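Undergrad: Input structure: query.pdb, which contains PDB, C-alpha atoms, pLDDT in the B column.
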```pdb
ATOM      1  CA  MET Y   2      18.210  10.955  -9.371  1.00 36.00           C
ATOM      2  CA  LEU Y   3      15.581  12.207 -11.808  1.00 36.00           C
ATOM      3  CA  PRO Y   4      12.723  10.029 -13.060  1.00 37.00           C
ATOM      4  CA  GLU Y   5      12.978   8.893 -16.605  1.00 39.00           C
ATOM      5  CA  GLU Y   6      10.767  10.708 -19.045  1.00 39.00           C
ATOM      6  CA  PRO Y   7       7.599   8.794 -19.942  1.00 42.00           C
ATOM      7  CA  ASP Y   8       6.771   7.171 -23.245  1.00 45.00           C
ATOM      8  CA  ALA Y   9       3.481   8.090 -24.844  1.00 45.00           C
ATOM      9  CA  ALA Y  10       1.205   5.563 -26.490  1.00 45.00           C
ATOM     10  CA  GLN Y  11      -2.458   5.052 -27.100  1.00 42.00           C
ATOM     11  CA  ALA Y  12      -4.683   2.238 -25.918  1.00 42.00           C
ATOM     12  CA  PRO Y  13      -6.706   0.114 -25.902  1.00 40.00           C
ATOM     13  CA  GLY Y  14      -4.224  -1.646 -27.703  1.00 38.00           C
ATOM     14  CA  ALA Y  15      -0.715  -2.950 -27.516  1.00 38.00           C
ATOM     15  CA  GLN Y  16       1.431  -5.909 -27.128  1.00 38.00           C
ATOM     16  CA  ASP Y  17       4.815  -4.885 -25.861  1.00 42.00           C
ATOM     17  CA  ASP Y  18       7.444  -6.664 -27.945  1.00 42.00           C
ATOM     18  CA  SER Y  19      10.318  -7.957 -25.864  1.00 40.00           C
ATOM     19  CA  GLY Y  20      12.632  -7.211 -28.787  1.00 42.00           C
ATOM     20  CA  GLU Y  21      11.892  -3.496 -28.567  1.00 46.00           C
ATOM     21  CA  GLU Y  22      14.383  -1.200 -26.856  1.00 44.00           C
ATOM     22  CA  SER Y  23      13.554  -0.395 -23.252  1.00 43.00           C
ATOM     23  CA  PRO Y  24      11.281   2.637 -22.719  1.00 45.00           C
ATOM     24  CA  SER Y  25      13.868   3.986 -20.287  1.00 46.00           C
ATOM     25  CA  ASP Y  26      16.437   4.087 -23.123  1.00 44.00           C
ATOM     26  CA  ARG Y  27      14.399   6.624 -25.099  1.00 47.00           C
ATOM     27  CA  ARG Y  28      13.621  10.279 -24.606  1.00 47.00           C
ATOM     28  CA  TRP Y  29      10.022  11.494 -24.683  1.00 50.00           C
ATOM     29  CA  GLU Y  30       8.476  10.329 -27.936  1.00 57.00           C
ATOM     30  CA  SER Y  31       5.123   9.426 -29.349  1.00 63.00           C
ATOM     31  CA  LEU Y  32       4.677   5.748 -30.082  1.00 66.00           C
ATOM     32  CA  PRO Y  33       2.263   4.250 -32.592  1.00 71.00           C
ATOM     33  CA  ASN Y  34      -1.075   2.909 -31.447  1.00 76.00           C
ATOM     34  CA  ARG Y  35      -0.755  -0.246 -29.408  1.00 78.00           C
ATOM     35  CA  ARG Y  36      -3.173  -2.778 -28.023  1.00 79.00           C
ATOM     36  CA  LEU Y  37      -3.090  -3.080 -24.232  1.00 85.00           C
ATOM     37  CA  SER Y  38      -5.506  -4.767 -21.911  1.00 86.00           C
ATOM     38  CA  PRO Y  39      -7.369  -2.062 -19.951  1.00 89.00           C
ATOM     39  CA  LEU Y  40      -6.434  -4.039 -16.845  1.00 91.00           C
ATOM     40  CA  GLN Y  41      -2.737  -3.288 -17.500  1.00 91.00           C
ATOM     41  CA  ILE Y  42      -3.358   0.462 -17.301  1.00 93.00           C
ATOM     42  CA  ARG Y  43      -3.468   2.459 -14.069  1.00 93.00           C
ATOM     43  CA  PHE Y  44      -5.521   5.542 -13.309  1.00 92.00           C
ATOM     44  CA  SER Y  45      -3.661   8.858 -13.134  1.00 90.00           C
ATOM     45  CA  GLN Y  46      -6.126  10.278 -10.586  1.00 88.00           C
ATOM     46  CA  PHE Y  47      -7.797   8.868  -7.485  1.00 85.00           C
ATOM     47  CA  ARG Y  48     -11.340   9.583  -8.729  1.00 87.00           C
ATOM     48  CA  ALA Y  49     -13.212   9.893 -11.986  1.00 85.00           C
ATOM     49  CA  ARG Y  50     -16.626  11.503 -12.470  1.00 89.00           C
ATOM     50  CA  SER Y  51     -19.566   9.240 -13.270  1.00 88.00           C
ATOM     51  CA  SER Y  52     -20.391  11.122 -16.475  1.00 89.00           C
ATOM     52  CA  PHE Y  53     -18.550  12.447 -19.503  1.00 89.00           C
ATOM     53  CA  ARG Y  54     -18.192  16.187 -20.163  1.00 90.00           C
ATOM     54  CA  ASP Y  55     -21.264  16.101 -22.422  1.00 89.00           C
ATOM     55  CA  GLY Y  56     -23.354  14.803 -19.489  1.00 90.00           C
ATOM     56  CA  ARG Y  57     -23.626  11.240 -20.825  1.00 89.00           C
ATOM     57  CA  PRO Y  58     -23.235   8.684 -18.010  1.00 91.00           C
ATOM     58  CA  LEU Y  59     -20.326   6.228 -18.202  1.00 89.00           C
ATOM     59  CA  SER Y  60     -22.842   3.377 -18.038  1.00 87.00           C
ATOM     60  CA  GLU Y  61     -24.260   4.484 -21.415  1.00 87.00           C
ATOM     61  CA  ALA Y  62     -20.842   4.146 -23.070  1.00 86.00           C
ATOM     62  CA  ALA Y  63     -20.350   0.793 -21.333  1.00 84.00           C
ATOM     63  CA  CYS Y  64     -23.526  -0.513 -22.999  1.00 84.00           C
ATOM     64  CA  GLN Y  65     -22.114   0.418 -26.418  1.00 85.00           C
ATOM     65  CA  LEU Y  66     -18.861  -1.557 -26.045  1.00 84.00           C
ATOM     66  CA  ARG Y  67     -18.350  -4.589 -28.274  1.00 80.00           C
ATOM     67  CA  VAL Y  68     -15.968  -7.472 -27.740  1.00 74.00           C
ATOM     68  CA  GLU Y  69     -14.023  -8.415 -30.880  1.00 74.00           C
ATOM     69  CA  GLY Y  70     -12.170 -11.709 -30.444  1.00 68.00           C
ATOM     70  CA  ASP Y  71     -10.732 -13.120 -27.237  1.00 67.00           C
ATOM     71  CA  GLY Y  72      -9.502 -11.177 -24.242  1.00 58.00           C
ATOM     72  CA  PRO Y  73     -10.061  -7.707 -22.804  1.00 52.00           C
ATOM     73  CA  GLU Y  74      -7.623  -6.165 -25.293  1.00 56.00           C
ATOM     74  CA  ARG Y  75     -10.196  -6.795 -28.027  1.00 72.00           C
ATOM     75  CA  LEU Y  76     -12.791  -4.311 -26.798  1.00 75.00           C
ATOM     76  CA  GLU Y  77     -14.189  -1.945 -29.427  1.00 79.00           C
ATOM     77  CA  ALA Y  78     -15.328   1.295 -27.807  1.00 83.00           C
ATOM     78  CA  PRO Y  79     -17.706   4.050 -28.985  1.00 83.00           C
ATOM     79  CA  PHE Y  80     -15.048   6.640 -28.164  1.00 86.00           C
ATOM     80  CA  PRO Y  81     -11.495   7.408 -29.318  1.00 86.00           C
ATOM     81  CA  PRO Y  82      -8.554   5.358 -28.013  1.00 86.00           C
ATOM     82  CA  ILE Y  83      -7.354   6.438 -24.609  1.00 88.00           C
ATOM     83  CA  GLN Y  84      -3.964   8.087 -24.247  1.00 89.00           C
ATOM     84  CA  VAL Y  85      -1.501   6.452 -21.888  1.00 90.00           C
ATOM     85  CA  LEU Y  86       1.999   7.162 -20.647  1.00 88.00           C
ATOM     86  CA  ARG Y  87       4.699   4.772 -19.529  1.00 88.00           C
ATOM     87  CA  TRP Y  88       5.906   6.245 -16.231  1.00 89.00           C
ATOM     88  CA  ARG Y  89       7.937   5.505 -13.110  1.00 90.00           C
ATOM     89  CA  CYS Y  90       6.279   7.083 -10.076  1.00 88.00           C
ATOM     90  CA  LYS Y  91       8.264   8.422  -7.162  1.00 91.00           C
ATOM     91  CA  LEU Y  92       7.707   6.292  -4.032  1.00 93.00           C
ATOM     92  CA  ARG Y  93       6.395   8.238  -1.048  1.00 94.00           C
ATOM     93  CA  GLY Y  94       5.917   7.539   2.633  1.00 94.00           C
ATOM     94  CA  ALA Y  95       2.647   7.889   4.559  1.00 95.00           C
ATOM     95  CA  ASP Y  96       3.477  11.559   5.174  1.00 95.00           C
ATOM     96  CA  GLY Y  97       3.889  12.220   1.435  1.00 93.00           C
ATOM     97  CA  ALA Y  98       7.651  12.720   1.604  1.00 94.00           C
ATOM     98  CA  PRO Y  99       9.730  10.968  -1.101  1.00 94.00           C
ATOM     99  CA  LEU Y 100      11.349   7.717   0.039  1.00 95.00           C
ATOM    100  CA  GLN Y 101      15.126   7.566  -0.226  1.00 95.00           C
ATOM    101  CA  ASP Y 102      17.688   4.788  -0.480  1.00 94.00           C
ATOM    102  CA  ALA Y 103      20.705   4.484   1.859  1.00 95.00           C
ATOM    103  CA  SER Y 104      22.712   6.988  -0.216  1.00 95.00           C
ATOM    104  CA  GLY Y 105      19.933   9.615  -0.177  1.00 94.00           C
ATOM    105  CA  GLY Y 106      18.691   9.008  -3.720  1.00 94.00           C
ATOM    106  CA  GLU Y 107      14.951   9.041  -4.348  1.00 94.00           C
ATOM    107  CA  LEU Y 108      13.221   5.694  -4.916  1.00 95.00           C
ATOM    108  CA  TYR Y 109      10.902   4.986  -7.838  1.00 94.00           C
ATOM    109  CA  ALA Y 110       8.330   2.282  -8.570  1.00 91.00           C
ATOM    110  CA  GLU Y 111       8.605   0.018 -11.593  1.00 92.00           C
ATOM    111  CA  GLU Y 112       7.434   1.481 -14.893  1.00 92.00           C
ATOM    112  CA  ALA Y 113       3.717   1.126 -15.590  1.00 92.00           C
ATOM    113  CA  TRP Y 114       1.108   2.420 -18.032  1.00 92.00           C
ATOM    114  CA  PHE Y 115      -1.033   5.328 -16.751  1.00 93.00           C
ATOM    115  CA  SER Y 116      -4.155   6.733 -18.403  1.00 92.00           C
ATOM    116  CA  LEU Y 117      -4.785  10.362 -19.258  1.00 88.00           C
ATOM    117  CA  ASP Y 118      -8.446   9.474 -19.905  1.00 91.00           C
ATOM    118  CA  ASN Y 119      -9.673   8.062 -16.608  1.00 93.00           C
ATOM    119  CA  ARG Y 120     -13.418   7.979 -17.350  1.00 93.00           C
ATOM    120  CA  ARG Y 121     -12.902   6.038 -20.569  1.00 92.00           C
ATOM    121  CA  LEU Y 122     -10.470   3.725 -18.775  1.00 93.00           C
ATOM    122  CA  ALA Y 123     -13.098   3.098 -16.067  1.00 92.00           C
ATOM    123  CA  VAL Y 124     -15.579   1.991 -18.748  1.00 91.00           C
ATOM    124  CA  LEU Y 125     -13.002  -0.254 -20.450  1.00 90.00           C
ATOM    125  CA  GLN Y 126     -11.888  -1.847 -17.170  1.00 90.00           C
ATOM    126  CA  GLN Y 127     -15.485  -2.538 -16.150  1.00 87.00           C
ATOM    127  CA  ALA Y 128     -16.054  -4.313 -19.449  1.00 85.00           C
ATOM    128  CA  ALA Y 129     -12.760  -6.215 -19.237  1.00 83.00           C
ATOM    129  CA  ARG Y 130     -13.774  -7.550 -15.820  1.00 83.00           C
ATOM    130  CA  GLY Y 131     -17.053  -8.759 -17.296  1.00 77.00           C
ATOM    131  CA  GLY Y 132     -19.119  -6.037 -15.659  1.00 62.00           C
ATOM    132  CA  LEU Y 133     -21.327  -5.298 -18.687  1.00 56.00           C
TER     133      LEU Y 133
END
```
Can you present the structure in this file as structure tokens?
TA:
Amino acid sequence: MLPEEPDAAQAPGAQDDSGEESPSDRRWESLPNRRLSPLQIRFSQFRARSSFRDGRPLSEAACQLRVEGDGPERLEAPFPPIQVLRWRCKLRGADGAPLQDASGGELYAEEAWFSLDNRRLAVLQQAARGGL
């Protein structure tokens, strides 16, 4: 059993319409910008550096965020939208081996949004939690 290919989108931003076809029904494709709450997006790595590539600390970008309207999905950031993927991760045991069902097929978690821009996501999540 192979994992389904992810859907690409950009955030912050998106409200997932229930009338839209399921992401698992589509092949890899780029979706238009969407508004998602930063708290709905998972990190794609375990750690993120405390500064951007240009040496600017994440805390500096956090100070430049503005809230437009209600809710964490209304954050206006001083950087480009983050890129996210809709993905189903393979479930693994404590030893790192893939978990399998009774018939030997690999098990997968539910689909979730994952960031490709972890430092920017860290700033957005901090702001969404009221940490500014």
Undergrad: Residues near stretch 55-59 of chain Y, anyone? I mean within 8 Å using only C-alpha atoms, not counting same-chain ones fewer than 6 positions away, as a PyMOL selection string.
TA: chain Y and resi 120-121+124
Undergrad: When distances are computed from all atoms listed in the file, which of Y:Gln84, Y:Gln101, Y:Gln41, Y:Ser116 shows the smallest separation from Y:Arg130?
TA: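 Of Y:Gln84, Y:Gln101, Y:Gln41, Y:Ser116, the one nearest Y:Arg130, counting all atoms listed in the file, is Y:Gln41.
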Undergrad: The PyMOL selection byres ((chain Y and resi 111) around 6) - which residues does that actually catch in the file I just gave you? List them as a ChimeraX atom specification.
TA: /Y:89,110,112
Undergrad: Using Å and a single decimal, report how far atom CA of Y:Phe47 sits from atom CA of Y:Val68.
TA: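 A separation of 27.3 Å between them.
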Undergrad: In Å, rounded to a single decimal, give me how far atom CA of Y:Leu37 is from atom CA of Y:Asn119.
TA: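 Straight-line distance from atom CA of Y:Asn119 to atom CA of Y:Leu37 works out to 15.0 Å.
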Undergrad: From the set Y:Ala128, Y:Ala95, Y:Leu117, Y:Ala49, which residue has the shortest atom-to-atom contact distance to Y:Ile83, counting all atoms listed in the file?
TA: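 Among Y:Ala128, Y:Ala95, Y:Leu117, Y:Ala49, it is Y:Leu117 that comes nearest to Y:Ile83.
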Undergrad: Evaluate the PyMOL selection byres ((chain Y and resi 118) around 12) against this structure - the residues, as a PyMOL selection string, please.
TA: chain Y and resi 11-13+39+42-46+48-50+53-54+80-86+115-117+119-125
Undergrad: For the atom pair atom CA of Y:Trp114 and atom CA of Y:Ser60, what is the interatomic distance in Å to one decimal place?
TA: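 It comes out at 24.0 Å.
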Undergrad: Can you list, as a ChimeraX atom specification, every protein, DNA or RNA residue that comes within 8 Å of Y:Gln65 when you count all atoms listed in the file, leaving out same-chain residues fewer than 3 positions away?
TA: /Y:61-62,78-79
Undergrad: Can I get the selection written as a tab-separated table (two decimals), in the frame of the given file, with C-alpha atoms?
TA:
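Final file, out-v3.tsv:
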```tsv
chain	number	residue	atom	x	y	z
Y	61	GLU	CA	-24.26	4.48	-21.42
Y	62	ALA	CA	-20.84	4.15	-23.07
Y	78	ALA	CA	-15.33	1.30	-27.81
Y	79	PRO	CA	-17.71	4.05	-28.98
```
Undergrad: Name the residues in contact with Y:Glu107 at a cut-off of 8 Å, using all atoms listed in the file, excluding same-chain residues fewer than 5 positions from it; report them as a ChimeraX atom specification.
TA: /Y:2,91-92,99-102
Undergrad: Around all the atoms of stretch 45-56 of chain Y listed in the file, with 5 Å of room on each side, what axis-aligned box do you get, giving centre and edge lengths in Å to one decimal, as JSON?
TA:
```
{"center_x": -13.5, "center_y": 12.5, "center_z": -15.0, "size_x": 29.7, "size_y": 17.3, "size_z": 24.9}
```
Undergrad: Calculated over all atoms listed in the file, which of the candidates Y:Leu76, Y:Arg35, Y:Gly94, Y:Ser52 has the smallest distance to Y:Gln127?
TA: Y:Leu76
